[in-house]
>>> print(open('final.cif').read())   # mmCIF, C-alpha atoms
data_input
#
loop_
_atom_site.label_atom_id
_atom_site.label_comp_id
_atom_site.auth_asym_id
_atom_site.auth_seq_id
_atom_site.Cartn_x
_atom_site.Cartn_y
_atom_site.Cartn_z
CA MET A 1 4.99 6.85 -8.16
CA ASN A 2 2.42 4.64 -9.85
CA PRO A 3 -0.48 3.95 -7.40
CA ASP A 4 -0.07 0.23 -8.18
CA PHE A 5 2.99 0.43 -5.90
CA TYR A 6 3.22 1.01 -2.15
CA PHE A 7 5.81 0.77 0.63
CA TYR A 8 5.57 -1.96 3.25
CA ASP A 9 7.53 -1.56 6.49
CA ALA A 10 8.17 -5.04 7.91
CA PRO A 11 8.25 -5.63 11.69
CA ASN A 12 12.05 -6.02 11.58
CA GLY A 13 12.49 -2.52 10.14
CA VAL A 14 13.07 -3.48 6.50
CA ARG A 15 11.16 -1.35 4.02
CA LEU A 16 9.98 -3.13 0.86
CA LEU A 17 8.24 -1.81 -2.23
CA LYS A 18 5.20 -3.90 -3.21
CA ASN A 19 2.83 -4.01 -6.18
CA LYS A 20 -0.94 -4.54 -6.19
CA ARG A 21 -0.87 -6.46 -9.48
CA LEU A 22 1.47 -9.10 -8.06
CA ASP A 23 -0.41 -9.10 -4.74
CA ALA A 24 -3.32 -10.67 -6.63
CA PHE A 25 -1.33 -13.90 -6.95
CA SER A 26 -1.28 -15.57 -3.54
CA GLU A 27 1.23 -18.17 -4.79
CA LEU A 28 3.89 -15.48 -5.26
CA ASN A 29 6.37 -14.05 -2.78
CA TYR A 30 8.10 -10.98 -4.17
CA CYS A 31 9.39 -7.47 -3.46
CA PHE A 32 11.56 -4.63 -4.62
CA THR A 33 13.94 -3.72 -1.81
CA THR A 34 14.77 -0.19 -0.70
CA ARG A 35 17.83 1.12 1.14
CA ILE A 36 16.06 1.04 4.52
CA GLY A 37 16.36 -1.55 7.26
CA GLY A 38 19.89 -2.96 7.09
CA VAL A 39 23.13 -2.76 9.05
CA SER A 40 25.52 -1.23 6.50
CA THR A 41 26.95 2.25 7.02
CA GLY A 42 28.42 5.09 4.98
CA GLU A 43 27.65 5.07 1.26
CA CYS A 44 25.95 1.66 1.67
CA GLU A 45 23.59 2.76 4.45
CA SER A 46 21.78 0.63 5.21
CA LEU A 47 20.23 -2.33 3.30
CA ASN A 48 23.05 -2.92 0.82
CA LEU A 49 22.56 -6.28 -0.91
CA SER A 50 25.73 -6.65 -2.98
CA TRP A 51 29.02 -8.19 -1.90
CA LYS A 52 30.82 -6.23 -4.65
CA ARG A 53 30.40 -2.83 -2.96
CA ARG A 54 32.52 -1.13 -0.31
CA ASP A 55 30.92 -3.11 2.49
CA SER A 56 31.77 -6.12 4.62
CA GLU A 57 30.54 -9.55 3.57
CA GLU A 58 29.05 -10.08 7.01
CA ASN A 59 26.99 -6.88 6.63
CA VAL A 60 25.74 -8.06 3.25
CA ARG A 61 24.84 -11.51 4.61
CA GLU A 62 23.00 -9.95 7.53
CA ASN A 63 21.13 -7.64 5.15
CA HIS A 64 20.05 -10.67 3.11
CA ARG A 65 18.91 -12.39 6.30
CA ARG A 66 16.84 -9.33 7.23
CA MET A 67 15.34 -9.10 3.75
CA ALA A 68 14.49 -12.82 3.83
CA GLN A 69 12.87 -12.46 7.25
CA ALA A 70 10.82 -9.48 6.04
CA MET A 71 9.63 -11.51 3.04
CA GLY A 72 9.12 -14.79 4.88
CA ILE A 73 11.59 -16.75 2.72
CA ARG A 74 14.73 -18.77 3.46
CA GLU A 75 17.99 -17.11 2.46
CA GLU A 76 19.25 -20.57 1.42
CA SER A 77 16.63 -20.58 -1.37
CA ILE A 78 18.20 -17.61 -3.20
CA VAL A 79 19.80 -18.16 -6.60
CA PHE A 80 22.77 -15.79 -6.89
CA VAL A 81 24.11 -14.88 -10.35
CA ARG A 82 26.99 -12.64 -11.45
CA LEU A 83 25.52 -10.03 -13.79
CA THR A 84 27.36 -8.80 -16.88
CA HIS A 85 25.03 -6.19 -18.45
CA GLY A 86 24.40 -8.64 -21.28
CA ASP A 87 21.54 -10.50 -22.93
CA ARG A 88 21.75 -14.07 -21.59
CA VAL A 89 18.98 -15.81 -19.65
CA LEU A 90 19.53 -18.56 -17.07
CA CYS A 91 16.94 -21.30 -16.66
CA ALA A 92 17.27 -22.17 -12.97
CA ASP A 93 16.16 -25.10 -10.87
CA LYS A 94 16.47 -26.14 -7.24
CA SER A 95 20.08 -27.21 -7.74
CA LEU A 96 21.12 -23.56 -8.13
CA ARG A 97 19.87 -22.45 -4.73
CA ASN A 98 22.83 -21.22 -2.68
CA ASN A 99 22.00 -23.59 0.24
CA GLY A 100 24.16 -21.61 2.64
CA ASN A 101 27.13 -21.20 0.28
CA TRP A 102 26.03 -17.64 -0.49
CA TRP A 103 27.81 -16.32 -3.61
CA ALA A 104 30.61 -18.89 -3.87
CA ASP A 105 30.83 -20.61 -7.29
CA ILE A 106 27.69 -19.01 -8.69
CA PRO A 107 26.65 -18.87 -12.38
CA GLN A 108 28.24 -16.04 -14.35
CA GLY A 109 27.28 -14.13 -17.45
CA TYR A 110 23.49 -13.92 -17.06
CA ASP A 111 21.23 -10.90 -16.57
CA ALA A 112 17.91 -12.68 -16.24
CA VAL A 113 16.81 -15.82 -14.42
CA ILE A 114 13.64 -17.86 -14.97
CA THR A 115 12.20 -20.91 -13.21
CA ARG A 116 9.10 -22.99 -12.56
CA ASP A 117 10.53 -24.50 -9.37
CA THR A 118 8.90 -23.58 -6.10
CA ASP A 119 10.83 -22.21 -3.11
CA THR A 120 13.55 -21.04 -5.52
CA THR A 121 14.16 -17.31 -5.13
CA LEU A 122 15.25 -15.25 -8.13
CA LEU A 123 16.99 -11.86 -7.92
CA ALA A 124 17.89 -8.92 -10.13
CA ARG A 125 20.26 -6.31 -8.67
CA THR A 126 20.03 -2.57 -9.28
CA ALA A 127 21.14 0.88 -8.22
CA ASP A 128 19.53 2.76 -11.18
CA CYS A 129 19.20 -0.06 -13.73
CA GLY A 130 15.78 -1.28 -14.74
CA THR A 131 14.42 -4.45 -13.17
CA VAL A 132 11.44 -6.52 -14.28
CA LEU A 133 9.56 -9.25 -12.43
CA LEU A 134 7.61 -11.59 -14.71
CA TYR A 135 4.89 -14.09 -13.84
CA ASP A 136 2.79 -16.43 -15.99
CA PRO A 137 0.04 -17.84 -13.73
CA VAL A 138 -1.06 -20.35 -16.40
CA ARG A 139 2.32 -22.06 -16.74
CA ARG A 140 3.37 -21.02 -13.21
CA ALA A 141 6.68 -19.59 -14.41
CA ILE A 142 8.55 -16.62 -12.99
CA GLY A 143 11.43 -14.43 -14.07
CA ALA A 144 13.68 -11.68 -12.72
CA VAL A 145 15.38 -9.37 -15.23
CA HIS A 146 18.26 -6.93 -14.77
CA SER A 147 17.79 -4.42 -17.60
CA GLY A 148 20.59 -1.87 -17.42
CA TRP A 149 21.10 0.32 -20.46
CA LYS A 150 23.58 -2.09 -22.08
CA GLY A 151 21.35 -5.10 -21.49
CA THR A 152 18.30 -3.18 -22.69
CA VAL A 153 20.08 -2.28 -25.93
CA ALA A 154 21.22 -5.92 -26.26
CA GLY A 155 17.63 -7.19 -25.85
CA ILE A 156 17.58 -8.82 -22.41
CA ILE A 157 13.84 -8.18 -21.97
CA PRO A 158 12.63 -9.81 -25.22
CA ASN A 159 15.20 -12.58 -24.73
CA THR A 160 13.69 -13.39 -21.34
CA VAL A 161 10.14 -13.55 -22.69
CA GLU A 162 11.37 -15.78 -25.53
CA ALA A 163 13.13 -18.04 -23.01
CA MET A 164 9.90 -18.40 -21.00
CA LYS A 165 8.08 -19.36 -24.21
CA ALA A 166 10.75 -21.85 -25.28
CA GLN A 167 11.44 -23.45 -21.89
CA TYR A 168 8.00 -23.43 -20.30
CA GLY A 169 5.48 -22.95 -23.11
CA CYS A 170 4.41 -19.53 -21.84
CA ASN A 171 2.04 -17.36 -23.84
CA PRO A 172 3.15 -13.71 -23.46
CA LYS A 173 -0.51 -12.67 -23.23
CA ASP A 174 -0.67 -14.53 -19.89
CA ILE A 175 2.44 -12.83 -18.43
CA THR A 176 2.26 -9.99 -15.92
CA ALA A 177 5.33 -7.72 -16.02
CA VAL A 178 6.18 -5.37 -13.16
CA CYS A 179 9.07 -2.90 -13.49
CA GLY A 180 10.72 -1.56 -10.35
CA PRO A 181 12.27 1.82 -9.53
CA SER A 182 15.09 2.92 -11.83
CA ILE A 183 16.64 6.07 -13.21
CA CYS A 184 14.26 8.50 -14.93
CA ALA A 185 14.79 10.35 -18.21
CA GLY A 186 15.52 13.60 -16.38
CA CYS A 187 18.44 11.99 -14.55
CA PHE A 188 19.74 9.68 -17.29
CA LYS A 189 21.72 12.08 -19.46
CA VAL A 190 24.32 10.58 -21.78
CA HIS A 191 26.91 11.74 -24.29
CA MET A 192 26.67 11.02 -28.01
CA ASP A 193 28.83 7.88 -27.88
CA CYS A 194 26.26 6.26 -25.58
CA ALA A 195 23.24 7.75 -27.36
CA GLU A 196 24.44 6.23 -30.62
CA LYS A 197 24.11 2.75 -29.09
CA PHE A 198 20.40 3.45 -28.53
CA PHE A 199 19.97 4.91 -32.01
CA ALA A 200 21.57 1.81 -33.54
CA ALA A 201 19.24 -0.48 -31.60
CA PHE A 202 15.96 1.47 -31.68
CA GLY A 203 16.38 4.27 -34.21
CA ARG A 204 15.82 7.86 -33.24
CA GLY A 205 12.58 8.41 -31.39
CA ASP A 206 10.72 10.26 -28.67
CA TYR A 207 12.63 8.31 -26.02
CA ALA A 208 15.71 10.50 -26.68
CA LYS A 209 15.74 14.28 -26.21
CA GLU A 210 18.76 16.32 -27.25
CA LEU A 211 19.85 18.79 -24.57
CA PRO A 212 21.45 22.22 -25.08
CA ASP A 213 24.85 20.91 -23.94
CA GLY A 214 24.87 18.22 -26.65
CA ARG A 215 23.97 15.35 -24.36
CA TYR A 216 20.79 13.29 -24.65
CA SER A 217 18.12 12.52 -22.06
CA ILE A 218 17.15 8.87 -22.50
CA ASP A 219 13.76 7.57 -21.33
CA MET A 220 14.54 4.01 -20.28
CA TRP A 221 11.04 3.52 -18.92
CA SER A 222 9.40 4.01 -22.32
CA ILE A 223 11.96 1.72 -23.99
CA MET A 224 11.34 -1.04 -21.46
CA ARG A 225 7.57 -0.77 -21.83
CA SER A 226 7.90 -0.85 -25.61
CA GLN A 227 10.08 -3.96 -25.46
CA LEU A 228 7.59 -5.73 -23.19
CA GLU A 229 4.68 -4.87 -25.50
CA LYS A 230 6.60 -5.91 -28.63
CA SER A 231 7.36 -9.21 -26.88
CA GLY A 232 3.62 -9.86 -26.78
CA ILE A 233 2.80 -8.83 -23.21
CA MET A 234 -0.54 -7.03 -23.01
CA PRO A 235 -0.31 -3.32 -22.09
CA CYS A 236 -2.90 -3.92 -19.37
CA ASN A 237 -0.57 -6.51 -17.80
CA ILE A 238 2.39 -4.11 -17.51
CA SER A 239 2.93 -2.08 -14.34
CA MET A 240 5.73 0.50 -14.20
CA ALA A 241 6.85 1.95 -10.86
CA ASP A 242 7.39 5.44 -12.31
CA ALA A 243 9.75 5.98 -9.36
CA CYS A 244 13.24 7.36 -9.93
CA SER A 245 16.04 5.75 -7.93
CA CYS A 246 18.25 8.79 -8.54
CA CYS A 247 15.69 11.36 -7.38
CA ASP A 248 14.51 9.57 -4.23
CA GLU A 249 17.55 9.55 -1.94
CA GLU A 250 15.49 8.62 1.13
CA ASN A 251 14.33 5.27 -0.21
CA PHE A 252 16.67 4.16 -2.99
CA PHE A 253 20.34 3.70 -3.78
CA SER A 254 21.61 5.34 -6.97
CA HIS A 255 24.88 4.65 -8.77
CA ARG A 256 24.63 7.93 -10.68
CA ARG A 257 23.69 10.09 -7.70
CA GLY A 258 26.54 8.60 -5.69
CA ALA A 259 29.03 8.75 -8.57
CA GLY A 260 29.53 5.00 -8.29
CA ARG A 261 29.58 4.93 -4.49
CA SER A 262 26.31 3.41 -3.33
CA GLY A 263 24.68 0.24 -2.14
CA ILE A 264 22.61 -2.13 -4.25
CA MET A 265 18.92 -3.07 -4.17
CA LEU A 266 17.08 -6.15 -5.41
CA ALA A 267 13.99 -7.19 -7.31
CA VAL A 268 12.99 -10.54 -5.80
CA ILE A 269 10.45 -13.19 -6.81
CA GLN A 270 9.62 -16.71 -5.64
CA LEU A 271 6.87 -19.28 -6.24
CA ARG A 272 5.66 -20.55 -2.89
CA GLU A 273 5.59 -24.25 -2.05
CA GLY A 274 2.12 -25.77 -2.33
#
>>> encode(input="final.cif", output="structure tokens")
Amino acid sequence: MNPDFYFYDAPNGVRLLKNKRLDAFSELNYCFTTRIGGVSTGECESLNLSWKRRDSEENVRENHRRMAQAMGIREESIVFVRLTHGDRVLCADKSLRNNGNWWADIPQGYDAVITRDTDTTLLARTADCGTVLLYDPVRRAIGAVHSGWKGTVAGIIPNTVEAMKAQYGCNPKDITAVCGPSICAGCFKVHMDCAEKFFAAFGRGDYAKELPDGRYSIDMWSIMRSQLEKSGIMPCNISMADACSCCDEENFFSHRRGAGRSGIMLAVIQLREG
């Protein structure tokens, strides 16, 4: 794991993954969650944060409460969005906080959320997919990106940076981008029909290695970094976790490792009030 990252075990038992780059901004509250510190059991043990898994809604609410307590935020401030593995970006404001309604009547069809509003908590869900937290301290704008392979191919990362430029006047050179744990190239092996989607989007390159069985190993981490750099973000302002969700069963959920039976983690970011 990149030494920029470290685990923080909160007093209530919730384990969070933190980043030294984002720690430098006292106005931010953020984390990448792990699987540790919740109440769920079985395949979702224990900090499952998705209501769409084989888990009770009360467990998932309680896990959100525990996460919020560990972070020092209000669960009512969270903006919930139904992800679609697409390329659309939601510009959120205070009106989209759940305010105790949890995930009833939430926005659909977005895989990234941006805001300049304080006390408005943005999320990106994952159990192998890439996640990116973005912060521009000049324009005081934040973003949370869910960058699964389909969304990555579709361009969700550059779309989010473009949205921050268009909506908030952000200069990409001012943005810090932090990418959380996700599946590594050694674990992300795909058949030709999937590999062809990458070739169509990015051409053939070092990110794809053909394996003896005809499958391809795809390096999502290098693709995500490349997309961030091509969007104008300075290489020195990019921090990659270099932690594989599929390899580390102790700390992370993994859709691939569990053959679709797993809990879900979050990348979380909020601008503090004041």
>>> resolve_selection(input="final.cif", expression="the PyMOL selection byres ((chain A and resi 214-220) around 7)", output="list in words")
Cys184, Ala185, Gly186, Phe188, Lys189, Val190, His191, Met192, Ala195, Tyr207, Ala208, Lys209, Glu210, Leu211, Pro212, Asp213, Trp221, Ser222, Ile223 and Met224 of chain A
>>> resolve_selection(input="final.cif", expression="the PyMOL selection byres ((chain A and resi 45-55) around 8)", output="ChimeraX atom specification")
/A:14,34-44,56-57,59-61,63-64,125,261-266
>>> axis_aligned_box(input="final.cif", around="range 231-236 of chain A", padding_each_side="4 Å", output="JSON")
{"center_x": 2.2, "center_y": -6.6, "center_z": -23.1, "size_x": 18.3, "size_y": 14.5, "size_z": 15.5}
>>> resolve_selection(input="final.cif", expression="the PyMOL selection byres ((chain A and resi 119) around 9)", output="VMD selection string")
chain A and resid 73 to 74 77 to 78 94 117 to 118 120 to 121 270 to 273
>>> residues_around(input="final.cif", residues="range 153-168 of chain A", least_positions_apart="5", cutoff="9 Å", atoms="all atoms listed in the file", output="ChimeraX atom specification")
/A:85-91,111-116,132,134,136,139-148,175,197-198,200-202,224,227-228,230-233
>>> closest_residue(input="final.cif", among="A:Ser226, A:Ser26, A:Gln108, A:Thr33", to="Met240 in chain A", atoms="all atoms listed in the file")
A:Ser226
>>> closest_residue(input="final.cif", among="A:Met1, A:Asn99, A:Asp193, A:Pro181", to="Phe253 in chain A", atoms="all atoms listed in the file")
A:Pro181
>>> atom_distance(input="final.cif", atom1="CA of Arg257 in chain A", atom2="CA of Cys31 in chain A")
23.0 Å
>>> residues_around(input="final.cif", residues="Cys179 in chain A", least_positions_apart="4", cutoff="8 Å", atoms="all atoms listed in the file", output="list of chain:residue names")
A:Gly130, A:Thr131, A:Val132, A:Leu133, A:Ile238, A:Ser239, A:Met240, A:Ala241
>>> atom_distance(input="final.cif", atom1="CA of Val178 in chain A", atom2="CA of Phe7 in chain A")
15.1 Å
>>> atom_distance(input="final.cif", atom1="CA of Glu75 in chain A", atom2="CA of Asn101 in chain A")
10.2 Å
>>> closest_residue(input="final.cif", among="A:Ala10, A:Phe80, A:Asn19, A:Gly72", to="Leu96 in chain A", atoms="all atoms listed in the file")
A:Phe80
>>> closest_residue(input="final.cif", among="A:Asn171, A:Ser254, A:Asn98, A:Thr176", to="Tyr135 in chain A", atoms="only C-alpha atoms")
A:Thr176
